[in-house]
Amino acid sequence: MAYTEQSLNALRGYGDELADATVATLFERGEVGTFNSLMRYVSTVGQDLPDGLPDVAREYLHETNGPPAWVDWDEMEKARLFFIDNNVHISTALSFASMPACYVVPHIAKLLSATHSLKYPSKRMAETGQFTVHLMQPNAFEAGSRFIPAAQKVRLLHASIRHHLGREGLWDVAGLGTPICQEDMIGGQMMFSIQVLDALHRLGIHMSVNGAESYYYAWRVVGAMLGVDQDHAPADLGAARHFSDLYMSRHMGPSQEGADLTRQLIDLYEEVVPGTLLDPVVSALIRHLMGDTSADWLEVPRTRWDTLVKAVPVLLNLLETVEDRSPYGAWALDRVGHLTTLLELSSLTRGRVMHYAIPEQLKKDYGLSSTVPRTRRWTPPAPAVSSADREQALPGNGS
């Protein structure tokens with residue numbers, strides 16, 4: 001599919017019909033509180049739905065209780081093994097590249113600011129981390145799995161945000177399009193897939209083409225389960241590159257909301273990092289993975305670690321050499337990676353389980369103010385336009 005400004009503009013006009021209709025009915029019937037109370041402990045596949053659950057919610061949950069019919073389980077298993085092999089690196093990319101990439105799109109930063117608890121800034125990172133860990137478990141789509149219920153709830157959460165922002169006069173629909181519209185949902189799929197792969201490349205991580213393609217495929221499946229219209233979403237890495245480049249070029253830029261959210265992210269991870277000596281590594285990693293232009297837009301401070309952090313790929317290559325030459329080394333590194341990811345997640349959630357409830361009102365619930373032998377190595381292709389040309393085309397650069 002060839003993407004153009006016009007085709008992306010068309011995607012700004014609608015969200016997720018099924019989830020939007022479900023949420024609208026729950027609000028119209030005053031059943032949101034009942035849904036949240038009854039669904040709070042429905043967290044695994046195979047659980048019986050509770051008595052008293054609103055009919056519209058029960059219908060939605062039955063309709064969305066599995067992956068799309070076209071899912072290729074061999075590809076999903078390859079994706080899971082890719083995640084196990086690179087879990088720490090993927091977590092790093094999600095934290096220090098994907099999330100800031102959201103913040104560098106001003107209207108996304110505005111939306112996240114409107115639906116982001118200032119008293120609990122790690123909430124979104126905790127939800128994202130927990131969701132990704134659930135996805136990459138061996139039984140993600142089997143009885144006892146936590147992933148499918150989480151995906152069902154996140155989809156309704158997104159619909160509820162569209163509901164509130166669109167109906168409470170808190171969003172410029174005419175100027176910005178539908179909140180969490182299809183273009184932005186596909187853009188989010190890119191941030192958690194192709195942009196993660198780009199960040200792994202900048203970290204010096206060796207990836208096979210098959211591994212990269214399988215990882216992207218898994219996020220296509222996730223996107224479908226979250227309401228992304230796969231008729232318009234990129235079907236492969238090449239199309240994903242095209243969409244991602246066009247999406248970011250037409251939307252990215254500086255904003256106060258983006259800078260504020262980035263500052264919260266930096267503060268959060270400086271608390272997670274032991275002591276204070278390594279605190280500047282957080283900013284340095286964001287700058288290294290995002291690039292100076294985006295980092296400056298987000299007001300990421302420059303630090304003495306900006307040069308030193310560029311040695312990270314050398315260190316990671318040494319660890320990969322150990323992993324490739326020793327099956328015991330590979331096992332040990334995988335276990336360390338798994339434990340590190342869980343430790344990071346525990347720090348972000350502060351021991352809590354994220355329930356992905358539907359907010360009954362944004363101000364109350366979100367703190368809103370009215371204001372093996374190596375195979376062919378994967379490398380990202382050169383962009384269709386140079387970085388300099390792209391920056392010239394971005395808002396606030398020369399025109």
# chains A, B, ... in the order shown; residues from 1 in each chain; ligands from 1
>>> select_by_dssp(residues="region 97-284 of chain A", states="alpha helix (DSSP H)", output="tab-separated table (two decimals) with C-alpha atoms, in the first residue's frame")
chain	number	residue	atom	x	y	z
A	99	MET	CA	8.08	6.59	24.67
A	100	PRO	CA	10.03	9.74	23.75
A	101	ALA	CA	8.95	9.17	20.14
A	102	CYS	CA	5.38	9.53	21.38
A	103	TYR	CA	6.29	12.75	23.14
A	106	PRO	CA	2.85	17.37	19.78
A	107	HIS	CA	-0.77	16.26	19.54
A	108	ILE	CA	0.11	12.87	21.07
A	109	ALA	CA	1.98	14.65	23.87
A	110	LYS	CA	-1.07	16.83	24.40
A	111	LEU	CA	-3.33	13.78	24.61
A	112	LEU	CA	-0.98	11.95	26.97
A	113	SER	CA	-0.76	15.03	29.17
A	114	ALA	CA	-4.53	15.12	29.36
A	123	LYS	CA	1.54	4.57	35.28
A	124	ARG	CA	1.78	4.54	31.48
A	125	MET	CA	5.25	2.95	31.47
A	126	ALA	CA	4.06	0.33	33.96
A	127	GLU	CA	1.00	-0.45	31.84
A	128	THR	CA	3.12	-0.72	28.68
A	129	GLY	CA	5.78	-2.86	30.36
A	130	GLN	CA	3.28	-5.23	31.93
A	131	PHE	CA	1.40	-5.53	28.62
A	132	THR	CA	4.59	-6.41	26.69
A	133	VAL	CA	5.69	-8.99	29.28
A	134	HIS	CA	2.26	-10.64	29.09
A	135	LEU	CA	2.50	-10.73	25.27
A	147	PHE	CA	-2.39	-11.02	27.65
A	148	ILE	CA	-5.80	-11.29	25.97
A	149	PRO	CA	-7.77	-9.79	28.89
A	150	ALA	CA	-5.21	-6.99	29.07
A	151	ALA	CA	-5.58	-6.28	25.34
A	152	GLN	CA	-9.37	-6.25	25.65
A	153	LYS	CA	-9.22	-3.75	28.49
A	154	VAL	CA	-6.61	-1.51	26.84
A	155	ARG	CA	-8.80	-1.31	23.74
A	156	LEU	CA	-11.73	-0.14	25.84
A	157	LEU	CA	-9.46	2.27	27.73
A	158	HIS	CA	-8.50	3.93	24.43
A	159	ALA	CA	-12.16	4.11	23.43
A	160	SER	CA	-13.05	5.73	26.74
A	161	ILE	CA	-10.44	8.43	26.19
A	162	ARG	CA	-11.95	9.15	22.78
A	163	HIS	CA	-15.35	9.28	24.48
A	164	HIS	CA	-14.30	11.79	27.13
A	165	LEU	CA	-12.16	14.07	25.00
A	166	GLY	CA	-14.64	14.16	22.15
A	167	ARG	CA	-17.72	14.82	24.26
A	173	VAL	CA	-11.58	17.37	16.76
A	174	ALA	CA	-11.81	19.69	13.75
A	175	GLY	CA	-8.12	20.62	13.95
A	176	LEU	CA	-6.56	17.45	15.39
A	182	GLN	CA	-6.54	5.19	13.19
A	183	GLU	CA	-3.50	7.13	11.94
A	184	ASP	CA	-2.23	7.57	15.49
A	185	MET	CA	-3.05	3.97	16.40
A	186	ILE	CA	-1.01	2.74	13.42
A	187	GLY	CA	1.67	5.28	14.37
A	188	GLY	CA	1.74	3.79	17.86
A	189	GLN	CA	2.12	0.31	16.35
A	190	MET	CA	5.16	1.67	14.48
A	191	MET	CA	6.68	3.19	17.64
A	194	ILE	CA	9.83	-0.59	13.68
A	195	GLN	CA	11.19	2.16	15.92
A	196	VAL	CA	12.19	-0.40	18.54
A	197	LEU	CA	14.09	-2.29	15.83
A	198	ASP	CA	15.79	0.97	14.81
A	199	ALA	CA	16.80	1.60	18.42
A	200	LEU	CA	18.21	-1.94	18.74
A	201	HIS	CA	20.27	-1.26	15.62
A	202	ARG	CA	21.64	1.96	17.14
A	209	VAL	CA	16.07	-10.41	9.07
A	210	ASN	CA	13.74	-13.24	10.10
A	211	GLY	CA	13.92	-12.14	13.73
A	212	ALA	CA	13.11	-8.53	12.91
A	213	GLU	CA	10.26	-9.54	10.63
A	214	SER	CA	8.77	-11.85	13.27
A	215	TYR	CA	8.96	-9.16	15.94
A	216	TYR	CA	7.14	-6.76	13.62
A	217	TYR	CA	4.58	-9.47	12.81
A	218	ALA	CA	3.79	-9.90	16.50
A	219	TRP	CA	2.97	-6.21	16.76
A	220	ARG	CA	0.70	-6.51	13.71
A	221	VAL	CA	-1.23	-9.15	15.66
A	222	VAL	CA	-1.27	-6.90	18.71
A	223	GLY	CA	-2.43	-3.96	16.62
A	224	ALA	CA	-5.36	-5.97	15.27
A	225	MET	CA	-6.35	-6.96	18.80
A	237	LEU	CA	8.83	-3.98	7.33
A	238	GLY	CA	9.17	-2.09	4.06
A	239	ALA	CA	5.68	-0.66	4.26
A	240	ALA	CA	6.19	0.02	7.97
A	241	ARG	CA	9.29	2.07	7.17
A	242	HIS	CA	7.36	4.13	4.65
A	243	PHE	CA	4.44	4.75	7.00
A	244	SER	CA	6.66	5.56	9.97
A	245	ASP	CA	8.80	8.05	8.02
A	246	LEU	CA	5.75	9.82	6.60
A	247	TYR	CA	3.90	9.86	9.93
A	248	MET	CA	6.82	11.30	11.88
A	249	SER	CA	7.76	13.81	9.17
A	250	ARG	CA	4.28	15.26	9.07
A	251	HIS	CA	3.69	15.41	12.81
A	256	GLN	CA	5.77	22.05	26.10
A	257	GLU	CA	3.71	18.94	26.84
A	258	GLY	CA	6.36	16.78	25.16
A	259	ALA	CA	9.14	18.41	27.18
A	260	ASP	CA	7.17	18.01	30.43
A	261	LEU	CA	6.42	14.33	29.78
A	262	THR	CA	10.07	13.69	28.93
A	263	ARG	CA	11.17	15.35	32.15
A	264	GLN	CA	8.81	13.05	34.06
A	265	LEU	CA	10.26	10.04	32.23
A	266	ILE	CA	13.83	11.09	33.04
A	267	ASP	CA	12.95	11.71	36.71
A	268	LEU	CA	11.24	8.34	36.92
A	269	TYR	CA	14.23	6.38	35.63
A	270	GLU	CA	16.70	8.40	37.68
A	271	GLU	CA	14.78	7.11	40.70
A	272	VAL	CA	15.06	3.53	39.39
A	280	PRO	CA	22.86	11.25	33.54
A	281	VAL	CA	22.92	7.94	31.64
A	282	VAL	CA	19.14	8.22	31.31
A	283	SER	CA	19.29	11.49	29.40
A	284	ALA	CA	22.31	10.33	27.41
>>> closest_atom_pairs(of="region 64-125 of chain A", to="region 289-306 of chain A", cutoff="10 Å", atoms="only C-alpha atoms", output="CSV")
residue,atom,partner,partner_atom,distance
A:Thr92,CA,A:Leu289,CA,9.8
A:Ala93,CA,A:Leu289,CA,7.9
A:Phe96,CA,A:Leu289,CA,7.0
A:Ala97,CA,A:Leu289,CA,5.8
A:Ser98,CA,A:Met290,CA,9.0
A:Pro100,CA,A:Met290,CA,7.7
A:Ala101,CA,A:Met290,CA,7.5
A:Tyr103,CA,A:Leu298,CA,7.5
A:Val104,CA,A:Ser294,CA,6.7
A:Val105,CA,A:Ser294,CA,9.9
>>> atom_distance(atom1="CA of Ala357 (chain A)", atom2="CA of Thr34 (chain A)")
11.1 Å
>>> atom_distance(atom1="CA of Phe192 (chain A)", atom2="CA of His89 (chain A)")
12.9 Å
>>> closest_residue(among="A:Ala57, A:Ala233, A:Thr25, A:Gly46", to="Phe141 (chain A)", atoms="only C-alpha atoms")
A:Gly46
>>> atom_distance(atom1="CA of Leu26 (chain A)", atom2="CA of Gln47 (chain A)")
21.8 Å
